[in-house]
Structure formats: structure tokens, C-alpha cells
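What follows is a set of notes on a single structure, which appears directly below.
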Amino acid sequence: MAEINRDDVAHLARLAHIDMNDDELDRMAGELAVIVDSIRTVSEVAGDDVPATSHPIPLSNVFRDDVVGDTLSNEEALMGAPDNADGRFRVPAILDGE
Amino acid sequence: MTAATDEILSFEEAMEKYDPVLGFEVHVELNTRTKMFSSAPNAFGDVPNTNVTPVDLGLPGVLPVVNGVAVESAIKIGLALNCKIAEKCYFARKNYFYPDTPKNFQTSQFEDPIAYDGSIDIELADGTVFTVEIERAHMEEDAGKLTHMGGATGRIQGADFSLVDYNRAGVPLIEIVTKPIEGVGSRAPELAKAYVAAIREIVKNLGVSDARMERGNVRCDANVSLRPYGQEKFGTRTETKNVNSLRAVEHAVRYEIQRHAAVLDSGTPIQQETRHWHEDTRSTTSGRPKSDADDYRYFPEPDLVPVVTNHAWIEKLRAELPEPPAERRKRLQADWGYSDAEFRDVVNAGVMSSIEDTIAAGVSAAVARKWWMGEISRRAKLADLEPAELGVTPELIVELNVLIESGKINDKLSRDVLDGVLAGEGTPAEVVEKRGLAVVSDDGPLLEAIDGALAAQPDVAAKIRGGKVQAVGAIVGGVMKATRGQADAGRVRELILQRLGVEG
């Protein structure tokens with residue numbers, strides 16, 4: 001069984017800005033451990049001669065020409081925003097910003 | 001804002017006790033037409049949230065596509081920094097949650113940057129050369145721009161809310177990271193400034209960035225640590241963020257060295273943290289400490305495929321590189337025969353290319369320098385313009401010089417001719433004609449003026465007769481005044497000496 005404990009889950013939850021209570025942390029620790037074990041079977045079949053895959057299709061160098069295309073209007077851009085002002089997205093002040 | 005309360009040592013004392021180690025992360029915004037992963041325009045100063053596509057806003061279901069020109073720009077920067085270019089590299093997601101990125105991750109590169117293991121030589125003002133090793137240069141995207149609103153100061157502390165413009169989100173960035181720079185000693189602040197200046201010059205010369213620091217095209221994070229002399233292990237470093245002018249880079253490094261030295265002297269360890277630079281007080285304040293917020297959980301970006309390079313492609317790009325700025329300067333100075341001081345003045349005045357063009361148009365290096373460093377620089381200063389912006393073409397200087405060398409006009413008259421040409425009165429020859437500016441070459445009127453000047457200053461005339469030939473200048477001046485500058489001063493001098501029967 002993989003070692004995913006409550007503290008690991010709490011750390012991940014903090015990174016992901018997800019609020020979780022104690023019951024949820026316990027349950028998620030168990031579920032994540034099962035998932036990690038399942039994924040681990042992949043490393044059992046992939047030897048050192050198998051490079052890590054980042055994309056399922058063996059493509060490379062898919063590039064776009066540097067040509068300007070359609071953009072959203074300001075109204076369209078802001079359409080899904082919970083709040084806006086002065087043509088910009090309005091968000092709560094976050095204190096630990098750079 | 002509040003004044004800095006940190007204790008600092010004098011720079012000299014800090015340097016006596018401690019050995020500084022530097023490191024820089026410089027972000028360069030590319031000047032591609034479109035963004036790194038979308039076809040939205042890469043433009044500065046437009047109406048907020050109009051240069052955006054669903055990709056830039058991280059809307060559900062979108063797929064990024066890499067800008068091929070940006071990749072080539074990245075390779076060119078790598079080559080200009082003498083880096084190795086990766087045969088295969090990937091993009092990665094750098095996960096963090098802050099409203100400047102609507103996707104909750106920045107698309108960047110992690111384990112395998114496109115360029116790595118380079119170096120550049122940085123020349124300081126006195127000619128000392130330091131080699132700065134480049135760790136890596138990788139491709140990524142810029143973030144959106146936050147404006148903090150409300151609160152008393154307009155700063156983030158005390159702000160009520162923030163407004164976000166995503167026009168800049170997704171603009172192609174190249175992040176250039178140095179290896180630790182050791183052994184610079186008290187030259188550290190100077191090297192910091194020279195390094196960022198060199199990066200700016202290189203990317204501008206490559207044509208891959210507008211390189212305007214005041215617009216944030218080139219941004220520097222400066223790492224500083226101190227250790228006692230003789231100690232191998234690095235001290236704890238701080239990273240001063242967004243130091244965005246050359247002068248500020250120099251001052252920030254100097255200040256952090258002084259501050260670290262005072263902290264270490266007091267026996268307290270340095271806290272590893274980001275620092276914010278304040279131009280108004282020329283000091284830094286504490287940002288946030290390193291914490292688990294720096295756990296970015298990088299993983300390969302599954303929506304983008306690898307970039308694979310090959311020898312032919314890299315060599316084609318290498319062949320397109322312009323001559324490196326430092327080499328060009330060395331070549332031009334040698335070609336022109338200017339002294340180090342003369343050449344430095346030319347570079348600082350921003351007229352090196354103008355002089356190059358003017359020499360190519362057909363005058364000597366000395367004449368080109370005389371014009372650009374003299375009359376044209378003087379006019380530029382008065383008009384608060386760059387010398388190259390005055391509309392003086394190399395061809396015009398050649399025409400003026402032909403008129404001077406043929407004796408038709410002198411240096412003083414050439415300025416009036418230039419006035420006339422810039423005022424749209426025609427070619428230099430036409431202005432000479434219309435304004436009646438030709439040098440008086442007939443000896444008759446000159447002799448008349450000389451006799452007048454000698455009569456007006458009999459004591460000077462006596463001195464010259466007595467062998468004090470250098471006193472002739474006063475008489476020449478009198479003649480030039482009487483002819484309103486339209487005399488050939490050399491000829492006047494000859495005539496005066498003849499008149500007085502003295503050998504020149």
C-alpha cells in the first residue's frame with residue numbers, strides 16, 4: 001500500500017486551495033493511496049529503456065505561424081467573471097502576492 | 001511608504017568582512033506578433049482584456065499551440081549566450097494559485113530547458129572582464145497585470161480588491177538564469193548592472209525583444225548572498241524581485257550586500273526570502289519567506305508536444321545571428337582609431353551607428369566624430385532629442401564636409417548652413433547661395449579688415465612683431481568678427497603674419 005498519509009493530503013489541499021475537513025482528509029488519504037498503487041503498476045512494466053511519455057501521440061514540433069487571429073471583445077472576455085470593474089476582472093485582494 | 005528600518009553596514013566595511021556571491025534571473029519578453037500559445041496580439045498599452053483569446057483566459061476545453069517564431073527566438077538567445085541547445089525539450093506546468101494566471105498554472109519548462117550551459121563575457125567600465133556562466137534559458141509565458149485598488153497607499157498591503165488585465169498573460173518570455181557568480185568582490189554592484197545591460201543589448205541586437213526596461217520587456221530578479229572570505233559554502237541568499245532599471249539593479253545589489261553584512265554581524269542568520277526593491281528609498285523590504293507555497297508540483301504539459309531540434313535548424317539560426325554587440329564595438333573602435341575615452345563617449349551618446357553610417361557615406365572617422373559628438377549632440381541636447389532623431393543624414397554631413405574641405409565655407413558657417421538645410425531651405429550648396437554664407441576668399445577685403453584689427457590692438461601687434469606669434473589669435477578673432485565669420489581663419493593668420501613680417 002502506498003504511503004499517503006493525512007499530512008500529505010492536507011499539504012496538497014493547501015497547495016490547491018481546497019478546504020477539507022478531517023473526515024475528508026482521512027477518506028482522501030485512503031483513496032489516493034489506492035490510485036498511487038494502481039499507477040505504480042505502470043512502472044513495473046516500463047523498464048529503463050522506455051522513455052517517460054508526456055503525450056500519447058508521438059508528435060513533435062507542432063508550431064503555429066506568428067499571425068494574429070481572432071480575439072475576444074472586452075465584453076466577451078468578462079462575460080464569465082463573477083465581478084468586474086473598469087474593463088477588468090475584479091478579484092479579492094490577496095495579501096501574499098508578489 | 002515607510003522608510004527602511006533595516007540596519008546596514010557601509011559598503012566598504014561589508015566588503016572587508018564578506019565575500020559576495022550573485023545570481024540573476026532575467027526575464028525577457030519577446031516581440032513576436034502573437035503570444036506564446038495563442039494567436040492573440042502581443043501588444044503593449046491596449047484596452048484591458050482585449051488582446052485575449054479563450055486560451056489566454058484558461059477557459060475550459062481550450063488547447064494551446066506553440067508559436068514557432070518564439071521557439072526560434074529562444075534558440076537564438078541561447079546561441080547568443082553560447083549555450084547548448086537541447087535536442088529535445090518539453091513544456092511543463094508550474095502550478096500556483098494567484099489571479100495573475102487564470103489557468104492556475106504557468107506554462108514553462110522545468111527539467112529540460114531549450115538552452116543550457118552557456119557563458120558571456122561582461123566588460124566593466126575600466127575594461128575588466130568577468131565571465132558569467134549561464135545555467136539555462138527556458139521558454140515560458142508572462143502573467144496578467146494586477147492593479148491593487150483601495151486602501152490608503154495603493155499598495156497591496158491594505159488593498160480592498162485587485163483588478164486584472166490579461167492582455168499580458170501568455171506573452172512569450174525567456175527566463176535566463178545564471179550560475180552563482182563568485183569572485184567579483186567589490187565590483188558586484190557594477191557587474192550586476194553591466195550583466196543586465198549586456199543581456200538587454202544582446203536581445204535587442206538579435207531583434208527578438210524591444211528590450212525596453214521601462215515597459216518591463218527586460219526584468220531582473222537579483223540573488224545576493226555573503227560568506228566569510230575563504231569559506232566555500234554559500235551563505236543564505238535573498239532574491240530581490242523586479243528590479244527594473246539598470247541603476248536599480250546596481251543599487252539593489254549594493255544595498256542587499258550592506259544589509260546582509262549587518263545581519264550577519266549581529267549574529268543572526270539571513271532568512272531566505274524574496275525582497276522588494278523600493279526606488280524611492282533605495283532599499284528593500286521583506287517579501288514572503290520561502291515556504292511550501294514554492295512547491296509548484298511541476299509536471300509535463302500534456303497539451304503540448306516536445307520541441308525537437310536538429311543540427312541543420314540550429315546552424316541555420318546561428319547563421320542568422322547578427323555580430324555580437326561587444327565584438328562589433330571592438331571592431332569599430334579599431335577601424336576608427338578612436339581612443340578608449342573617445343569611443344566610450346561615442347557609445348554613451350548613442351551615436352555609434354550614426355557615425356558608422358556617416359563614415360560609410362564618405363567622410364573620415366575624425367570628421368564623422370566631430371559632427372556627431374559636436375554640433376549634432378549639442379543640438380540634440382537643446383531639443384531634448386536623441387542625436388539620430390534630428391534628421392541629419394550621413395549624406396548631408398558628407399555634403400557639408402565637401403563644402404568645408406573645398407574652402408567654400410568654414411566650420412562656423414557650416415552650422416548656419418545646417419540651420420538652413422534643417423529649416424527646409426534646400427541643399428547645403430543652395431543654402432550657401434541663398435544666405436550668402438560663402439567664405440570671403442578675396443584677400444582685398446581681408447587685408448582691409450586685418451589693418452583695422454591691427455590698428456585697434458596696437459599692443460598685440462607689437463607683441464607679434466616681437467616674436468610672440470601665439471598672440472596672433474586675438475587679431476584673427478578681430479578679423480573674423482569684422483567679416484562676420486565669413487573668413488578662412490587659416491588664411492587670415494597667414495596674411496597677418498605676412499603683414500607684420502613675422503615667420504609663422
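Residues in the C-alpha cells are named by chain (A, B, ... in the order shown) and by number from 1 within that chain; ligands are numbered from 1 in the order shown.
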| Neighbour list for range 258-274 of chain B as number ranges by chain, cut-off 7 Å, only C-alpha atoms, skip fewer than 6 positions in-chain | B: 6-11, 14, 226, 236-241, 286-290
Same residues, N, CA and C atoms, output as a short mmCIF file (atom, residue, chain, number, x, y, z; two decimals), in the first residue's frame:
```cif
data_model
loop_
_atom_site.label_atom_id
_atom_site.label_comp_id
_atom_site.auth_asym_id
_atom_site.auth_seq_id
_atom_site.Cartn_x
_atom_site.Cartn_y
_atom_site.Cartn_z
N ASP B 6 15.87 48.60 8.34
CA ASP B 6 16.98 47.64 8.47
C ASP B 6 18.30 48.37 8.70
N GLU B 7 19.10 47.75 9.57
CA GLU B 7 20.46 48.24 9.76
C GLU B 7 21.29 47.86 8.54
N ILE B 8 22.19 48.74 8.15
CA ILE B 8 23.13 48.36 7.09
C ILE B 8 24.54 48.79 7.49
N LEU B 9 25.52 48.04 6.97
CA LEU B 9 26.92 48.43 7.14
C LEU B 9 27.30 49.30 5.96
N SER B 10 28.38 50.04 6.10
CA SER B 10 28.88 50.76 4.93
C SER B 10 29.34 49.70 3.93
N PHE B 11 29.28 50.05 2.65
CA PHE B 11 29.66 49.08 1.63
C PHE B 11 31.12 48.65 1.82
N ALA B 14 31.40 46.19 4.67
CA ALA B 14 30.81 44.90 4.26
C ALA B 14 31.80 44.14 3.38
N LEU B 226 26.16 36.39 1.10
CA LEU B 226 27.52 36.71 1.57
C LEU B 226 28.08 35.51 2.33
N THR B 236 23.29 32.07 3.00
CA THR B 236 21.88 32.06 2.63
C THR B 236 21.58 33.27 1.75
N ARG B 237 20.81 33.03 0.69
CA ARG B 237 20.59 34.12 -0.27
C ARG B 237 19.20 34.74 -0.11
N THR B 238 19.10 35.96 -0.58
CA THR B 238 17.79 36.57 -0.75
C THR B 238 17.64 36.90 -2.23
N GLU B 239 16.38 36.98 -2.66
CA GLU B 239 16.10 37.26 -4.06
C GLU B 239 15.30 38.55 -4.13
N THR B 240 15.92 39.59 -4.67
CA THR B 240 15.22 40.87 -4.79
C THR B 240 14.52 40.91 -6.13
N LYS B 241 13.20 41.07 -6.06
CA LYS B 241 12.34 40.89 -7.23
C LYS B 241 12.19 42.17 -8.05
N SER B 286 11.09 43.17 3.24
CA SER B 286 10.85 41.75 3.22
C SER B 286 9.60 41.42 2.41
N GLY B 287 9.71 40.44 1.54
CA GLY B 287 8.53 39.94 0.84
C GLY B 287 8.04 38.74 1.60
N ARG B 288 7.93 37.62 0.92
CA ARG B 288 7.48 36.46 1.68
C ARG B 288 8.63 35.47 1.84
N PRO B 289 8.65 34.76 2.98
CA PRO B 289 9.70 33.76 3.16
C PRO B 289 9.47 32.58 2.22
N LYS B 290 10.54 31.83 1.94
CA LYS B 290 10.38 30.58 1.21
C LYS B 290 9.51 29.67 2.06
#
```
Considering only C-alpha atoms, return as a list in words whatever protein or nucleic-acid residues lie within 7 Å of range 383-400 of chain B, sequence-local ones (same chain, fewer than 6 positions apart) excluded.
->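 Here the qualifying residues turn out to be Val351, Ser354, Asp357, Thr358, Ala361, Gly362, Val363, Ile376, Ser377, Ser414 and Pro428 of chain B.
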For N, CA and C atoms, I'd like the residues from the last selection saved as a PDB file, in the first residue's frame.
```
ATOM      1  N   VAL B 351      25.595  57.435 -30.540  1.00  0.00           N
ATOM      2  CA  VAL B 351      25.783  57.835 -31.934  1.00  0.00           C
ATOM      3  C   VAL B 351      26.721  56.880 -32.694  1.00  0.00           C
ATOM      4  N   SER B 354      25.258  55.934 -36.031  1.00  0.00           N
ATOM      5  CA  SER B 354      25.204  57.108 -36.905  1.00  0.00           C
ATOM      6  C   SER B 354      26.586  57.399 -37.473  1.00  0.00           C
ATOM      7  N   ASP B 357      27.400  54.872 -40.169  1.00  0.00           N
ATOM      8  CA  ASP B 357      26.716  55.185 -41.431  1.00  0.00           C
ATOM      9  C   ASP B 357      27.364  56.384 -42.127  1.00  0.00           C
ATOM     10  N   THR B 358      27.800  57.360 -41.339  1.00  0.00           N
ATOM     11  CA  THR B 358      28.362  58.579 -41.915  1.00  0.00           C
ATOM     12  C   THR B 358      29.729  58.301 -42.551  1.00  0.00           C
ATOM     13  N   ALA B 361      29.194  56.696 -45.755  1.00  0.00           N
ATOM     14  CA  ALA B 361      28.730  57.626 -46.788  1.00  0.00           C
ATOM     15  C   ALA B 361      29.889  58.426 -47.381  1.00  0.00           C
ATOM     16  N   GLY B 362      31.055  58.426 -46.711  1.00  0.00           N
ATOM     17  CA  GLY B 362      32.220  59.003 -47.368  1.00  0.00           C
ATOM     18  C   GLY B 362      32.963  60.118 -46.648  1.00  0.00           C
ATOM     19  N   VAL B 363      33.001  60.106 -45.304  1.00  0.00           N
ATOM     20  CA  VAL B 363      33.895  61.047 -44.628  1.00  0.00           C
ATOM     21  C   VAL B 363      34.836  60.261 -43.724  1.00  0.00           C
ATOM     22  N   ILE B 376      25.909  68.128 -33.656  1.00  0.00           N
ATOM     23  CA  ILE B 376      24.634  67.392 -33.641  1.00  0.00           C
ATOM     24  C   ILE B 376      24.233  67.034 -32.210  1.00  0.00           C
ATOM     25  N   SER B 377      25.215  66.593 -31.383  1.00  0.00           N
ATOM     26  CA  SER B 377      24.900  66.293 -29.979  1.00  0.00           C
ATOM     27  C   SER B 377      24.427  67.552 -29.243  1.00  0.00           C
ATOM     28  N   SER B 414      29.376  76.423 -41.430  1.00  0.00           N
ATOM     29  CA  SER B 414      28.685  75.155 -41.697  1.00  0.00           C
ATOM     30  C   SER B 414      27.491  74.976 -40.761  1.00  0.00           C
ATOM     31  N   PRO B 428      22.763  71.935 -48.987  1.00  0.00           N
ATOM     32  CA  PRO B 428      23.786  72.812 -48.415  1.00  0.00           C
ATOM     33  C   PRO B 428      24.270  73.855 -49.419  1.00  0.00           C
TER      34      PRO B 428
END
```
Item to complete: Mind the document's chain letters and residue numbers, and return as a PyMOL selection string the residues of range 203-318 of chain B that DSSP labels strand (DSSP E).
Response: chain B and resi 218-228+238-243+273-278+283-289+299-300+307-308
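Across the model, the gap from CA of Asn104 in chain B to CA of Val36 in chain A is 23.4 Å.
The interatomic distance for the pair CA of Ala471 in chain B and CA of Gln498 in chain B works out to 14.6 Å.
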Give me, as a PDB file with C-alpha atoms, in the first residue's frame, the contact residues of chain B against chain A at a cut-off of 7 Å, counting only C-alpha atoms.
```pdb
ATOM      1  CA  THR B  32       6.615  38.254 -31.536  1.00  0.00           C
ATOM      2  CA  ARG B  33       3.379  39.425 -33.103  1.00  0.00           C
ATOM      3  CA  THR B  34       1.366  36.912 -31.121  1.00  0.00           C
ATOM      4  CA  SER B  39      -2.819  33.911 -31.684  1.00  0.00           C
ATOM      5  CA  ALA B  40      -3.803  36.929 -29.563  1.00  0.00           C
ATOM      6  CA  PRO B  41      -1.697  40.041 -30.301  1.00  0.00           C
ATOM      7  CA  PRO B  48      -7.506  45.902 -20.995  1.00  0.00           C
ATOM      8  CA  ASN B  49      -8.702  42.377 -21.734  1.00  0.00           C
ATOM      9  CA  THR B  50      -8.967  42.813 -25.495  1.00  0.00           C
ATOM     10  CA  ASN B  51      -5.774  41.010 -26.550  1.00  0.00           C
ATOM     11  CA  VAL B  52      -7.143  37.770 -25.213  1.00  0.00           C
ATOM     12  CA  THR B  53      -8.470  34.501 -26.582  1.00  0.00           C
ATOM     13  CA  VAL B  65      -0.350  25.803 -29.766  1.00  0.00           C
ATOM     14  CA  VAL B  66       3.301  26.861 -29.633  1.00  0.00           C
ATOM     15  CA  ASN B  67       4.418  29.986 -31.512  1.00  0.00           C
ATOM     16  CA  GLY B  68       7.166  28.767 -33.875  1.00  0.00           C
ATOM     17  CA  VAL B  69       8.838  32.179 -34.081  1.00  0.00           C
ATOM     18  CA  ILE B 156      -1.109  45.526  -1.857  1.00  0.00           C
ATOM     19  CA  GLN B 157      -0.961  45.945   1.917  1.00  0.00           C
ATOM     20  CA  ALA B 159      -5.830  46.928  -0.683  1.00  0.00           C
ATOM     21  CA  ASP B 160      -9.526  46.142  -0.809  1.00  0.00           C
ATOM     22  CA  PHE B 161      -9.531  44.363  -4.144  1.00  0.00           C
ATOM     23  CA  SER B 162      -7.483  43.910  -7.273  1.00  0.00           C
ATOM     24  CA  LEU B 163      -8.277  44.443 -10.943  1.00  0.00           C
ATOM     25  CA  VAL B 164      -6.807  42.069 -13.510  1.00  0.00           C
ATOM     26  CA  ASP B 165      -5.883  42.696 -17.132  1.00  0.00           C
ATOM     27  CA  ARG B 288       7.478  36.459   1.680  1.00  0.00           C
ATOM     28  CA  ALA B 293       3.932  27.899  -1.398  1.00  0.00           C
ATOM     29  CA  PRO B 300       4.873  17.750 -18.186  1.00  0.00           C
ATOM     30  CA  PRO B 302       0.032  17.127 -21.622  1.00  0.00           C
ATOM     31  CA  VAL B 305       4.213  18.046 -27.724  1.00  0.00           C
ATOM     32  CA  PRO B 306       8.012  18.135 -27.376  1.00  0.00           C
ATOM     33  CA  VAL B 307      10.244  20.569 -29.241  1.00  0.00           C
ATOM     34  CA  VAL B 308      12.893  18.616 -31.148  1.00  0.00           C
TER      35      VAL B 308
END
```
Work out how far apart CA of Arg328 in chain B and CA of Val129 in chain B are and give it in Å to one decimal.
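For CA of Arg328 in chain B relative to CA of Val129 in chain B, the distance reads 16.4 Å.
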The residue from B:Glu320, B:Asp411, B:Glu16, B:Glu301 with the smallest atom-to-atom distance to Phe110 in chain B, counting only C-alpha atoms, is B:Glu301
Tell me, which residues of range 64-250 of chain B carry DSSP alpha helix (DSSP H), written as a PDB file with N, CA and C atoms, in the first residue's frame?
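Saved to part_32.pdb:
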```pdb
ATOM      1  N   GLY B  68       5.894  29.232 -33.303  1.00  0.00           N
ATOM      2  CA  GLY B  68       7.166  28.767 -33.875  1.00  0.00           C
ATOM      3  C   GLY B  68       8.239  29.840 -33.861  1.00  0.00           C
ATOM      4  N   VAL B  69       7.846  31.090 -34.077  1.00  0.00           N
ATOM      5  CA  VAL B  69       8.838  32.179 -34.081  1.00  0.00           C
ATOM      6  C   VAL B  69       9.438  32.353 -32.678  1.00  0.00           C
ATOM      7  N   ALA B  70       8.601  32.182 -31.658  1.00  0.00           N
ATOM      8  CA  ALA B  70       9.101  32.322 -30.284  1.00  0.00           C
ATOM      9  C   ALA B  70      10.147  31.251 -29.978  1.00  0.00           C
ATOM     10  N   VAL B  71       9.922  30.044 -30.500  1.00  0.00           N
ATOM     11  CA  VAL B  71      10.902  28.973 -30.285  1.00  0.00           C
ATOM     12  C   VAL B  71      12.227  29.348 -30.961  1.00  0.00           C
ATOM     13  N   GLU B  72      12.140  29.873 -32.177  1.00  0.00           N
ATOM     14  CA  GLU B  72      13.375  30.269 -32.868  1.00  0.00           C
ATOM     15  C   GLU B  72      14.073  31.419 -32.132  1.00  0.00           C
ATOM     16  N   SER B  73      13.278  32.346 -31.583  1.00  0.00           N
ATOM     17  CA  SER B  73      13.875  33.437 -30.797  1.00  0.00           C
ATOM     18  C   SER B  73      14.595  32.878 -29.576  1.00  0.00           C
ATOM     19  N   ALA B  74      13.982  31.889 -28.940  1.00  0.00           N
ATOM     20  CA  ALA B  74      14.596  31.277 -27.754  1.00  0.00           C
ATOM     21  C   ALA B  74      15.922  30.623 -28.128  1.00  0.00           C
ATOM     22  N   ILE B  75      15.936  29.940 -29.264  1.00  0.00           N
ATOM     23  CA  ILE B  75      17.178  29.280 -29.700  1.00  0.00           C
ATOM     24  C   ILE B  75      18.242  30.337 -30.004  1.00  0.00           C
ATOM     25  N   LYS B  76      17.823  31.435 -30.649  1.00  0.00           N
ATOM     26  CA  LYS B  76      18.798  32.494 -30.956  1.00  0.00           C
ATOM     27  C   LYS B  76      19.391  33.085 -29.679  1.00  0.00           C
ATOM     28  N   ILE B  77      18.542  33.316 -28.679  1.00  0.00           N
ATOM     29  CA  ILE B  77      19.056  33.833 -27.405  1.00  0.00           C
ATOM     30  C   ILE B  77      20.046  32.835 -26.819  1.00  0.00           C
ATOM     31  N   GLY B  78      19.673  31.557 -26.856  1.00  0.00           N
ATOM     32  CA  GLY B  78      20.579  30.517 -26.350  1.00  0.00           C
ATOM     33  C   GLY B  78      21.921  30.546 -27.065  1.00  0.00           C
ATOM     34  N   LEU B  79      21.883  30.658 -28.385  1.00  0.00           N
ATOM     35  CA  LEU B  79      23.135  30.679 -29.155  1.00  0.00           C
ATOM     36  C   LEU B  79      23.955  31.922 -28.826  1.00  0.00           C
ATOM     37  N   ALA B  80      23.277  33.066 -28.694  1.00  0.00           N
ATOM     38  CA  ALA B  80      23.993  34.311 -28.397  1.00  0.00           C
ATOM     39  C   ALA B  80      24.638  34.260 -27.013  1.00  0.00           C
ATOM     40  N   ALA B 188      30.769  43.839  -7.395  1.00  0.00           N
ATOM     41  CA  ALA B 188      29.473  43.162  -7.529  1.00  0.00           C
ATOM     42  C   ALA B 188      28.351  44.073  -8.041  1.00  0.00           C
ATOM     43  N   PRO B 189      28.144  45.276  -7.439  1.00  0.00           N
ATOM     44  CA  PRO B 189      27.050  46.118  -7.942  1.00  0.00           C
ATOM     45  C   PRO B 189      27.266  46.529  -9.402  1.00  0.00           C
ATOM     46  N   GLU B 190      28.508  46.827  -9.735  1.00  0.00           N
ATOM     47  CA  GLU B 190      28.841  47.252 -11.093  1.00  0.00           C
ATOM     48  C   GLU B 190      28.623  46.103 -12.088  1.00  0.00           C
ATOM     49  N   LEU B 191      29.022  44.895 -11.651  1.00  0.00           N
ATOM     50  CA  LEU B 191      28.830  43.733 -12.523  1.00  0.00           C
ATOM     51  C   LEU B 191      27.338  43.473 -12.742  1.00  0.00           C
ATOM     52  N   ALA B 192      26.557  43.637 -11.668  1.00  0.00           N
ATOM     53  CA  ALA B 192      25.116  43.395 -11.771  1.00  0.00           C
ATOM     54  C   ALA B 192      24.508  44.272 -12.860  1.00  0.00           C
ATOM     55  N   LYS B 193      24.859  45.541 -12.820  1.00  0.00           N
ATOM     56  CA  LYS B 193      24.334  46.486 -13.804  1.00  0.00           C
ATOM     57  C   LYS B 193      24.839  46.128 -15.206  1.00  0.00           C
ATOM     58  N   ALA B 194      26.124  45.807 -15.295  1.00  0.00           N
ATOM     59  CA  ALA B 194      26.702  45.517 -16.608  1.00  0.00           C
ATOM     60  C   ALA B 194      26.131  44.234 -17.194  1.00  0.00           C
ATOM     61  N   TYR B 195      25.833  43.253 -16.319  1.00  0.00           N
ATOM     62  CA  TYR B 195      25.271  41.997 -16.806  1.00  0.00           C
ATOM     63  C   TYR B 195      23.884  42.225 -17.413  1.00  0.00           C
ATOM     64  N   VAL B 196      23.037  42.933 -16.674  1.00  0.00           N
ATOM     65  CA  VAL B 196      21.676  43.162 -17.187  1.00  0.00           C
ATOM     66  C   VAL B 196      21.731  44.027 -18.453  1.00  0.00           C
ATOM     67  N   ALA B 197      22.641  44.991 -18.463  1.00  0.00           N
ATOM     68  CA  ALA B 197      22.807  45.822 -19.664  1.00  0.00           C
ATOM     69  C   ALA B 197      23.224  44.966 -20.856  1.00  0.00           C
ATOM     70  N   ALA B 198      24.100  43.994 -20.590  1.00  0.00           N
ATOM     71  CA  ALA B 198      24.576  43.135 -21.688  1.00  0.00           C
ATOM     72  C   ALA B 198      23.448  42.252 -22.219  1.00  0.00           C
ATOM     73  N   ILE B 199      22.636  41.701 -21.314  1.00  0.00           N
ATOM     74  CA  ILE B 199      21.509  40.866 -21.757  1.00  0.00           C
ATOM     75  C   ILE B 199      20.546  41.713 -22.581  1.00  0.00           C
ATOM     76  N   ARG B 200      20.262  42.910 -22.103  1.00  0.00           N
ATOM     77  CA  ARG B 200      19.349  43.791 -22.820  1.00  0.00           C
ATOM     78  C   ARG B 200      19.898  44.099 -24.216  1.00  0.00           C
ATOM     79  N   GLU B 201      21.173  44.387 -24.268  1.00  0.00           N
ATOM     80  CA  GLU B 201      21.791  44.720 -25.555  1.00  0.00           C
ATOM     81  C   GLU B 201      21.767  43.525 -26.513  1.00  0.00           C
ATOM     82  N   ILE B 202      22.026  42.349 -25.965  1.00  0.00           N
ATOM     83  CA  ILE B 202      22.057  41.140 -26.809  1.00  0.00           C
ATOM     84  C   ILE B 202      20.681  40.859 -27.403  1.00  0.00           C
ATOM     85  N   VAL B 203      19.633  40.903 -26.572  1.00  0.00           N
ATOM     86  CA  VAL B 203      18.308  40.551 -27.105  1.00  0.00           C
ATOM     87  C   VAL B 203      17.788  41.634 -28.048  1.00  0.00           C
ATOM     88  N   LYS B 204      18.208  42.872 -27.797  1.00  0.00           N
ATOM     89  CA  LYS B 204      17.812  43.952 -28.698  1.00  0.00           C
ATOM     90  C   LYS B 204      18.523  43.801 -30.044  1.00  0.00           C
ATOM     91  N   ASN B 205      19.803  43.497 -29.961  1.00  0.00           N
ATOM     92  CA  ASN B 205      20.615  43.311 -31.167  1.00  0.00           C
ATOM     93  C   ASN B 205      20.120  42.123 -31.989  1.00  0.00           C
ATOM     94  N   LEU B 206      19.619  41.082 -31.298  1.00  0.00           N
ATOM     95  CA  LEU B 206      19.080  39.921 -32.007  1.00  0.00           C
ATOM     96  C   LEU B 206      17.754  40.257 -32.683  1.00  0.00           C
ATOM     97  N   LEU B 246      18.534  49.669 -14.930  1.00  0.00           N
ATOM     98  CA  LEU B 246      19.938  49.296 -14.748  1.00  0.00           C
ATOM     99  C   LEU B 246      20.485  49.887 -13.456  1.00  0.00           C
ATOM    100  N   ARG B 247      20.108  51.136 -13.196  1.00  0.00           N
ATOM    101  CA  ARG B 247      20.595  51.791 -11.992  1.00  0.00           C
ATOM    102  C   ARG B 247      20.077  51.065 -10.748  1.00  0.00           C
ATOM    103  N   ALA B 248      18.786  50.660 -10.803  1.00  0.00           N
ATOM    104  CA  ALA B 248      18.183  49.980  -9.660  1.00  0.00           C
ATOM    105  C   ALA B 248      18.873  48.642  -9.399  1.00  0.00           C
ATOM    106  N   VAL B 249      19.286  47.945 -10.449  1.00  0.00           N
ATOM    107  CA  VAL B 249      19.977  46.666 -10.266  1.00  0.00           C
ATOM    108  C   VAL B 249      21.260  46.897  -9.474  1.00  0.00           C
ATOM    109  N   GLU B 250      21.984  47.914  -9.875  1.00  0.00           N
ATOM    110  CA  GLU B 250      23.244  48.234  -9.196  1.00  0.00           C
ATOM    111  C   GLU B 250      22.992  48.587  -7.726  1.00  0.00           C
TER     112      GLU B 250
END
```
- request: Would you kindly return, as a list in words, each protein, DNA or RNA residue with an atom no farther than 8 Å from any atom of Arg369 in chain B, considering only C-alpha atoms and excluding same-chain residues fewer than 5 positions away?
  value: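 Contacts, with the query itself left out: Val346, Ile355 and Gly374 of chain B.
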Kindly export the residues of the current selection with N, CA and C atoms, as a PDB file, in the first residue's frame.
```
ATOM      1  N   VAL B 346      31.336  58.163 -27.412  1.00  0.00           N
ATOM      2  CA  VAL B 346      30.503  57.922 -28.592  1.00  0.00           C
ATOM      3  C   VAL B 346      29.384  56.929 -28.266  1.00  0.00           C
ATOM      4  N   ILE B 355      27.602  57.290 -36.633  1.00  0.00           N
ATOM      5  CA  ILE B 355      28.972  57.524 -37.100  1.00  0.00           C
ATOM      6  C   ILE B 355      29.359  56.472 -38.126  1.00  0.00           C
ATOM      7  N   GLY B 374      29.878  66.727 -31.694  1.00  0.00           N
ATOM      8  CA  GLY B 374      29.904  68.175 -31.528  1.00  0.00           C
ATOM      9  C   GLY B 374      28.547  68.799 -31.816  1.00  0.00           C
TER      10      GLY B 374
END
```
